[in-house]
>>> print(open('entry17.csv').read())   # CSV, C-alpha atoms
chain,number,residue,atom,x,y,z
A,1,PRO,CA,26.8,-0.1,44.1
A,2,TYR,CA,30.6,-0.1,44.6
A,3,ASN,CA,30.3,0.8,48.3
A,4,TYR,CA,27.5,-1.8,48.8
A,5,SER,CA,29.8,-4.5,47.5
A,6,LEU,CA,32.5,-3.3,49.9
A,7,ALA,CA,30.0,-3.8,52.8
A,8,TYR,CA,29.4,-7.3,51.6
A,9,GLU,CA,33.2,-8.0,51.6
A,10,GLN,CA,33.5,-6.7,55.1
A,11,ALA,CA,30.6,-8.8,56.4
A,12,ALA,CA,31.4,-12.0,54.5
A,13,LYS,CA,35.2,-11.9,54.4
A,14,GLY,CA,36.3,-9.5,57.1
A,15,LYS,CA,38.0,-7.1,54.7
A,16,PRO,CA,38.1,-3.5,55.8
A,17,LEU,CA,36.6,-0.8,53.7
A,18,MET,CA,39.6,1.4,54.1
A,19,ARG,CA,42.9,-0.4,53.5
A,20,PRO,CA,46.5,1.0,54.0
A,21,LEU,CA,48.7,1.0,50.9
A,22,TYR,CA,50.9,-1.7,52.3
A,23,TYR,CA,47.8,-4.0,52.5
A,24,TYR,CA,48.7,-5.0,48.9
A,25,SER,CA,52.3,-3.9,48.7
A,26,TYR,CA,54.0,-5.0,51.9
A,27,SER,CA,57.4,-5.3,50.2
A,28,ASP,CA,57.3,-1.7,49.0
A,29,PRO,CA,58.7,0.6,51.7
A,30,GLU,CA,57.2,3.7,50.1
A,31,THR,CA,53.7,2.4,50.9
A,32,PHE,CA,54.5,2.8,54.6
A,33,ASN,CA,55.7,6.4,54.0
A,34,ALA,CA,52.4,7.3,52.3
A,35,ALA,CA,50.7,6.8,55.7
A,36,ASP,CA,47.7,9.1,55.0
A,37,GLN,CA,46.7,7.5,51.7
A,38,TYR,CA,44.4,4.5,51.6
A,39,PHE,CA,42.7,2.1,49.3
A,40,TRP,CA,38.9,2.2,49.2
A,41,GLY,CA,38.2,-1.4,48.4
A,42,ASP,CA,40.5,-3.1,45.9
A,43,ASN,CA,40.1,-0.7,43.0
A,44,LEU,CA,40.3,2.9,44.3
A,45,MET,CA,43.1,4.8,46.0
A,46,VAL,CA,42.4,8.0,48.0
A,47,ALA,CA,44.9,10.7,48.9
A,48,PRO,CA,43.0,13.0,51.3
A,49,VAL,CA,43.9,16.7,51.7
A,50,MET,CA,45.0,17.0,55.3
A,51,THR,CA,46.4,20.6,55.4
A,52,GLU,CA,44.2,23.6,55.6
A,53,ALA,CA,44.2,25.8,52.4
A,54,ALA,CA,46.4,23.3,50.6
A,55,THR,CA,46.5,23.6,46.8
A,56,SER,CA,48.6,20.5,46.2
A,57,ARG,CA,50.0,17.5,47.9
A,58,LYS,CA,52.5,14.6,47.3
A,59,VAL,CA,50.9,11.4,46.2
A,60,TYR,CA,52.5,8.0,46.0
A,61,LEU,CA,51.3,5.6,43.3
A,62,PRO,CA,52.0,1.9,44.1
A,63,GLU,CA,53.2,-0.6,41.5
A,64,GLY,CA,51.1,-1.0,38.4
A,65,GLN,CA,49.2,1.6,36.3
A,66,TRP,CA,46.7,4.1,37.6
A,67,TYR,CA,44.0,6.3,36.1
A,68,ARG,CA,43.5,9.7,37.7
A,69,PHE,CA,39.8,9.5,38.4
A,70,SER,CA,39.1,13.2,37.6
A,71,ASN,CA,40.3,13.2,34.0
A,72,ASN,CA,41.1,9.5,33.1
A,73,LYS,CA,44.8,10.2,32.6
A,74,LEU,CA,46.9,7.0,32.8
A,75,LEU,CA,49.9,7.1,35.1
A,76,GLU,CA,52.7,4.7,35.9
A,77,GLY,CA,53.1,3.4,39.4
A,78,LYS,CA,56.0,3.2,41.8
A,79,GLN,CA,56.5,7.0,41.8
A,80,TRP,CA,55.7,10.1,43.8
A,81,LEU,CA,54.0,13.0,42.1
A,82,ASP,CA,52.7,16.5,42.8
A,83,GLN,CA,49.0,16.5,42.6
A,84,ASN,CA,46.7,19.5,42.5
A,85,ALA,CA,44.3,19.4,45.5
A,86,GLY,CA,42.0,21.6,47.4
A,87,ILE,CA,38.6,21.9,49.1
A,88,ASP,CA,36.9,21.2,45.8
A,89,TYR,CA,39.1,18.3,44.6
A,90,LEU,CA,40.0,15.0,46.3
A,91,PRO,CA,42.9,13.2,44.7
A,92,LEU,CA,41.4,9.8,43.7
A,93,TYR,CA,42.8,7.1,41.4
A,94,ALA,CA,41.5,3.9,39.9
A,95,LYS,CA,43.8,0.9,39.3
A,96,ALA,CA,44.2,-0.2,35.7
A,97,GLY,CA,42.0,-3.3,35.1
A,98,SER,CA,39.5,-2.1,37.7
A,99,PHE,CA,35.7,-2.4,37.4
A,100,ILE,CA,33.8,0.4,39.2
A,101,PRO,CA,30.0,0.0,39.2
A,102,VAL,CA,28.2,3.3,39.3
A,103,TRP,CA,24.5,4.4,39.5
A,104,GLN,CA,23.7,7.0,36.9
A,105,THR,CA,20.4,8.8,37.1
A,106,ASP,CA,18.8,12.0,35.9
A,107,SER,CA,16.8,12.5,39.1
A,108,VAL,CA,18.0,13.8,42.4
A,109,ILE,CA,19.2,11.0,44.7
A,110,ARG,CA,17.4,11.5,48.0
A,111,SER,CA,17.5,8.0,49.4
A,112,THR,CA,18.3,4.4,48.5
A,113,GLU,CA,14.6,3.8,47.9
A,114,THR,CA,15.0,5.1,44.4
A,115,TYR,CA,18.1,3.0,43.7
A,116,ASP,CA,17.6,0.7,40.7
A,117,SER,CA,20.1,-2.2,40.6
A,118,LYS,CA,18.7,-3.5,37.4
A,119,ASN,CA,20.3,-0.6,35.5
A,120,ILE,CA,23.9,-0.1,36.4
A,121,GLY,CA,26.8,1.7,34.9
A,122,LEU,CA,30.1,-0.2,34.9
A,123,ILE,CA,33.4,1.7,34.4
A,124,TYR,CA,36.2,-0.5,33.0
A,125,TYR,CA,39.7,0.9,33.1
A,126,PRO,CA,41.6,-1.0,30.4
A,127,SER,CA,44.6,-3.1,31.2
A,128,ALA,CA,46.6,-5.8,29.4
A,129,THR,CA,46.6,-7.8,32.6
A,130,SER,CA,43.5,-9.9,33.1
A,131,SER,CA,41.5,-8.8,36.1
A,132,SER,CA,38.2,-9.6,37.8
A,133,TYR,CA,35.7,-8.0,40.1
A,134,THR,CA,32.7,-9.4,41.9
A,135,TRP,CA,29.6,-7.2,42.4
A,136,TYR,CA,27.1,-7.9,45.2
A,137,ASP,CA,23.4,-7.2,45.0
A,138,ASP,CA,20.3,-8.0,47.1
A,139,ASP,CA,16.9,-6.5,47.6
A,140,GLY,CA,18.3,-3.7,49.6
A,141,VAL,CA,15.7,-4.2,52.3
A,142,GLU,CA,16.0,-7.6,54.0
A,143,PRO,CA,18.8,-7.5,56.6
A,144,ARG,CA,19.3,-11.3,56.6
A,145,THR,CA,20.0,-11.9,52.9
A,146,LEU,CA,23.5,-13.2,53.6
A,147,GLU,CA,22.2,-15.7,56.1
A,148,ARG,CA,19.5,-16.8,53.8
A,149,ALA,CA,21.6,-16.7,50.6
A,150,GLU,CA,19.1,-14.4,49.0
A,151,TYR,CA,21.6,-12.4,47.0
A,152,GLU,CA,23.5,-12.3,43.8
A,153,LEU,CA,27.2,-12.1,42.9
A,154,ILE,CA,28.1,-11.2,39.4
A,155,THR,CA,31.7,-11.6,38.4
A,156,PHE,CA,33.3,-9.5,35.7
A,157,THR,CA,36.6,-10.6,34.1
A,158,GLY,CA,38.3,-8.2,31.7
A,159,SER,CA,41.5,-7.8,29.6
A,160,THR,CA,42.7,-5.6,26.8
A,161,ARG,CA,44.7,-6.6,23.8
A,162,GLY,CA,45.6,-3.6,21.6
A,163,SER,CA,42.3,-2.1,20.5
A,164,MET,CA,40.2,-5.0,21.7
A,165,ILE,CA,38.6,-5.3,25.1
A,166,SER,CA,37.1,-8.6,26.3
A,167,ILE,CA,34.7,-8.7,29.3
A,168,GLU,CA,33.1,-11.9,30.6
A,169,LEU,CA,30.0,-11.9,32.9
A,170,LYS,CA,28.9,-14.7,35.1
A,171,THR,CA,26.4,-14.9,38.0
A,172,ASN,CA,26.2,-17.3,41.0
A,173,ASN,CA,22.4,-17.2,40.8
A,174,PRO,CA,21.1,-17.8,37.3
A,175,ALA,CA,17.8,-19.0,38.8
A,176,ALA,CA,17.0,-15.4,39.6
A,177,TYR,CA,16.5,-14.8,35.9
A,178,LYS,CA,14.0,-17.6,35.2
A,179,ARG,CA,11.1,-15.1,35.6
A,180,ARG,CA,12.3,-13.1,32.6
A,181,GLN,CA,14.3,-10.8,34.9
A,182,VAL,CA,17.2,-9.1,33.1
A,183,ARG,CA,19.8,-6.5,34.0
A,184,SER,CA,21.1,-3.7,31.9
A,185,PHE,CA,24.7,-2.8,32.2
A,186,THR,CA,26.1,0.3,30.5
A,187,ILE,CA,29.9,-0.4,30.1
A,188,LEU,CA,31.9,2.8,30.2
A,189,VAL,CA,35.4,2.9,28.8
A,190,PRO,CA,37.6,6.0,29.3
A,191,GLY,CA,39.2,7.7,26.3
A,192,ALA,CA,39.0,6.1,22.9
A,193,ALA,CA,35.7,5.8,21.1
A,194,ILE,CA,34.0,2.4,20.8
A,195,LYS,CA,33.6,1.3,17.2
A,196,ASP,CA,31.9,-2.1,17.5
A,197,VAL,CA,30.5,-4.3,20.2
A,198,LEU,CA,29.6,-8.0,20.2
A,199,VAL,CA,27.8,-9.9,22.9
A,200,ASN,CA,28.2,-13.6,22.5
A,201,GLY,CA,29.0,-12.9,18.9
A,202,LYS,CA,25.9,-10.7,18.3
A,203,PRO,CA,26.1,-6.9,17.7
A,204,ALA,CA,25.2,-4.6,20.5
A,205,LYS,CA,24.5,-0.9,20.7
A,206,VAL,CA,27.1,1.9,21.2
A,207,VAL,CA,25.4,4.6,23.2
A,208,ALA,CA,26.1,8.1,24.4
A,209,ALA,CA,27.9,8.0,27.8
A,210,LYS,CA,26.2,9.9,30.6
A,211,PRO,CA,28.5,12.1,32.8
A,212,VAL,CA,30.2,10.4,35.8
A,213,MET,CA,30.2,12.4,39.0
A,214,LEU,CA,33.6,13.9,39.8
A,215,VAL,CA,34.9,13.1,36.3
A,216,THR,CA,35.6,15.6,33.6
A,217,GLY,CA,37.3,13.1,31.3
A,218,GLN,CA,35.4,11.5,28.4
A,219,PHE,CA,33.9,8.0,28.2
A,220,SER,CA,32.5,5.9,25.4
A,221,ALA,CA,29.8,3.5,26.2
A,222,THR,CA,27.8,0.4,25.2
A,223,THR,CA,24.6,-1.0,26.9
A,224,ILE,CA,24.1,-4.7,27.1
A,225,VAL,CA,21.3,-6.9,28.5
A,226,PHE,CA,22.3,-9.7,30.9
A,227,ASP,CA,19.8,-12.5,31.3
A,228,GLY,CA,21.8,-14.7,33.7
A,229,LYS,CA,23.6,-16.8,31.2
A,230,PRO,CA,27.4,-16.5,30.8
A,231,ALA,CA,28.2,-13.6,28.4
A,232,THR,CA,31.3,-12.5,26.6
A,233,VAL,CA,31.4,-8.8,25.5
A,234,GLU,CA,34.0,-7.9,22.8
A,235,ILE,CA,34.6,-4.2,22.4
A,236,LYS,CA,36.6,-2.8,19.5
A,237,LEU,CA,38.1,0.7,20.1
>>> encode(input="entry17.csv", output="structure tokens")
Amino acid sequence: PYNYSLAYEQAAKGKPLMRPLYYYSYSDPETFNAADQYFWGDNLMVAPVMTEAATSRKVYLPEGQWYRFSNNKLLEGKQWLDQNAGIDYLPLYAKAGSFIPVWQTDSVIRSTETYDSKNIGLIYYPSATSSSYTWYDDDGVEPRTLERAEYELITFTGSTRGSMISIELKTNNPAAYKRRQVRSFTILVPGAAIKDVLVNGKPAKVVAAKPVMLVTGQFSATTIVFDGKPATVEIKL
């Protein structure tokens, strides 16, 4: 689902899927020196392994805070670091405040025909700075959905204050929910366990988090039902 939204951004806004580090940090000269690193969309940064049999590489983290995707470790930006790397590990980082939609399934993924956009995992990487992310979805079949405006954009806005996380959800197409359609979002938070969850002031369930591909770090999770009406999710860690 993250990559599908990137394709929408490219088609509708002309934004490339791969973006050089100076795309967002033009005033930082180190972003030009990290020429082989790139952003994958707004929220992920990739440091590919370019040397045969390499076991590590230098990685530059731009300004801000970054979570190492493999283990959820929080790192400060504007620094170079030595990162373990190899044929079985690609250095990948998520920007603090990011939302990363993921599809979690117990079955083998053989094609997009089995993709279910009504049940989506949503990783939120906590940040004291307010952030937002817009997720794109359509029927996955019709090639002219943009032209016909037959799609949905759901905007997630999040911020963290101490042990409290607040996430707001809004859709551009509430009419799509008039036929009792709902979506289920499992919100995944790295690290600390979730203690309580409220959705528009009403209690919601804390659930066991399914594993996330390429990640060994732990998550806590809550599953909410979204019916197209604006929703505020309050998570206490």
>>> residues_around(input="entry17.csv", residues="Ala53 of chain A", least_positions_apart="3", cutoff="10 Å", atoms="only C-alpha atoms", output="number ranges by chain")
A: 49-50, 56, 85-87
>>> residues_around(input="entry17.csv", residues="segment 57-62 of chain A", least_positions_apart="3", cutoff="6 Å", atoms="all atoms listed in the file", output="mmCIF file with C-alpha atoms, in the coordinates of the input")
data_model
loop_
_atom_site.group_PDB
_atom_site.id
_atom_site.type_symbol
_atom_site.label_atom_id
_atom_site.label_comp_id
_atom_site.auth_asym_id
_atom_site.auth_seq_id
_atom_site.Cartn_x
_atom_site.Cartn_y
_atom_site.Cartn_z
ATOM 1 C CA GLY A 77 53.100 3.400 39.400
ATOM 2 C CA LYS A 78 56.000 3.200 41.800
ATOM 3 C CA GLN A 79 56.500 7.000 41.800
ATOM 4 C CA TRP A 80 55.700 10.100 43.800
ATOM 5 C CA LEU A 81 54.000 13.000 42.100
ATOM 6 C CA ASP A 82 52.700 16.500 42.800
ATOM 7 C CA GLN A 83 49.000 16.500 42.600
#
>>> closest_atom_pairs(input="entry17.csv", of="segment 138-161 of chain A", to="segment 167-176 of chain A", cutoff="12 Å", atoms="all atoms listed in the file", output="JSON lines")
{"residue": "A:Asp138", "atom": "CA", "partner": "A:Ala176", "partner_atom": "CA", "distance": 11.0}
{"residue": "A:Asp139", "atom": "CA", "partner": "A:Ala176", "partner_atom": "CA", "distance": 12.0}
{"residue": "A:Ala149", "atom": "CA", "partner": "A:Asn173", "partner_atom": "CA", "distance": 9.8}
{"residue": "A:Glu150", "atom": "CA", "partner": "A:Asn173", "partner_atom": "CA", "distance": 9.3}
{"residue": "A:Tyr151", "atom": "CA", "partner": "A:Asn173", "partner_atom": "CA", "distance": 7.9}
{"residue": "A:Glu152", "atom": "CA", "partner": "A:Asn173", "partner_atom": "CA", "distance": 5.8}
{"residue": "A:Leu153", "atom": "CA", "partner": "A:Asn172", "partner_atom": "CA", "distance": 5.6}
{"residue": "A:Ile154", "atom": "CA", "partner": "A:Thr171", "partner_atom": "CA", "distance": 4.3}
{"residue": "A:Thr155", "atom": "CA", "partner": "A:Lys170", "partner_atom": "CA", "distance": 5.3}
{"residue": "A:Phe156", "atom": "CA", "partner": "A:Leu169", "partner_atom": "CA", "distance": 4.9}
{"residue": "A:Thr157", "atom": "CA", "partner": "A:Glu168", "partner_atom": "CA", "distance": 5.1}
{"residue": "A:Gly158", "atom": "CA", "partner": "A:Ile167", "partner_atom": "CA", "distance": 4.4}
{"residue": "A:Ser159", "atom": "CA", "partner": "A:Ile167", "partner_atom": "CA", "distance": 6.9}
{"residue": "A:Thr160", "atom": "CA", "partner": "A:Ile167", "partner_atom": "CA", "distance": 8.9}
{"residue": "A:Arg161", "atom": "CA", "partner": "A:Ile167", "partner_atom": "CA", "distance": 11.6}
>>> closest_residue(input="entry17.csv", among="A:Val225, A:Ala47, A:Val199, A:Ala7", to="Lys118 of chain A", atoms="all atoms listed in the file")
A:Val225
>>> residues_around(input="entry17.csv", residues="Asn200 of chain A", least_positions_apart="6", cutoff="7 Å", atoms="only C-alpha atoms", output="VMD selection string")
chain A and resid 231 to 233
>>> residues_around(input="entry17.csv", residues="Tyr8 of chain A", least_positions_apart="5", cutoff="10 Å", atoms="all atoms listed in the file", output="PyMOL selection string")
chain A and resi 3+13-15+17+135-137+146
>>> residues_around(input="entry17.csv", residues="Thr105 of chain A", least_positions_apart="4", cutoff="12 Å", atoms="all atoms listed in the file", output="PDB file with C-alpha atoms, in the coordinates of the input")
ATOM      1  CA  ILE A 109      19.200  11.000  44.700  1.00  0.00           C
ATOM      2  CA  ARG A 110      17.400  11.500  48.000  1.00  0.00           C
ATOM      3  CA  THR A 114      15.000   5.100  44.400  1.00  0.00           C
ATOM      4  CA  TYR A 115      18.100   3.000  43.700  1.00  0.00           C
ATOM      5  CA  ASP A 116      17.600   0.700  40.700  1.00  0.00           C
ATOM      6  CA  SER A 117      20.100  -2.200  40.600  1.00  0.00           C
ATOM      7  CA  ASN A 119      20.300  -0.600  35.500  1.00  0.00           C
ATOM      8  CA  ILE A 120      23.900  -0.100  36.400  1.00  0.00           C
ATOM      9  CA  GLY A 121      26.800   1.700  34.900  1.00  0.00           C
ATOM     10  CA  ALA A 209      27.900   8.000  27.800  1.00  0.00           C
ATOM     11  CA  LYS A 210      26.200   9.900  30.600  1.00  0.00           C
ATOM     12  CA  PRO A 211      28.500  12.100  32.800  1.00  0.00           C
ATOM     13  CA  VAL A 212      30.200  10.400  35.800  1.00  0.00           C
ATOM     14  CA  MET A 213      30.200  12.400  39.000  1.00  0.00           C
TER      15      MET A 213
END
>>> residues_near_point(input="entry17.csv", point="(56.3, 1.7, 50.2)", cutoff="10 Å", atoms="only C-alpha atoms", output="compact mmCIF listing (two decimals) with C-alpha atoms, in the frame of the given file")
# COMPACT_ATOMS: atom_id res chain seq x y z
CA LEU A 21 48.70 1.00 50.90
CA TYR A 22 50.90 -1.70 52.30
CA SER A 25 52.30 -3.90 48.70
CA TYR A 26 54.00 -5.00 51.90
CA SER A 27 57.40 -5.30 50.20
CA ASP A 28 57.30 -1.70 49.00
CA PRO A 29 58.70 0.60 51.70
CA GLU A 30 57.20 3.70 50.10
CA THR A 31 53.70 2.40 50.90
CA PHE A 32 54.50 2.80 54.60
CA ASN A 33 55.70 6.40 54.00
CA ALA A 34 52.40 7.30 52.30
CA ALA A 35 50.70 6.80 55.70
CA TYR A 60 52.50 8.00 46.00
CA LEU A 61 51.30 5.60 43.30
CA PRO A 62 52.00 1.90 44.10
CA GLU A 63 53.20 -0.60 41.50
CA LYS A 78 56.00 3.20 41.80
CA GLN A 79 56.50 7.00 41.80
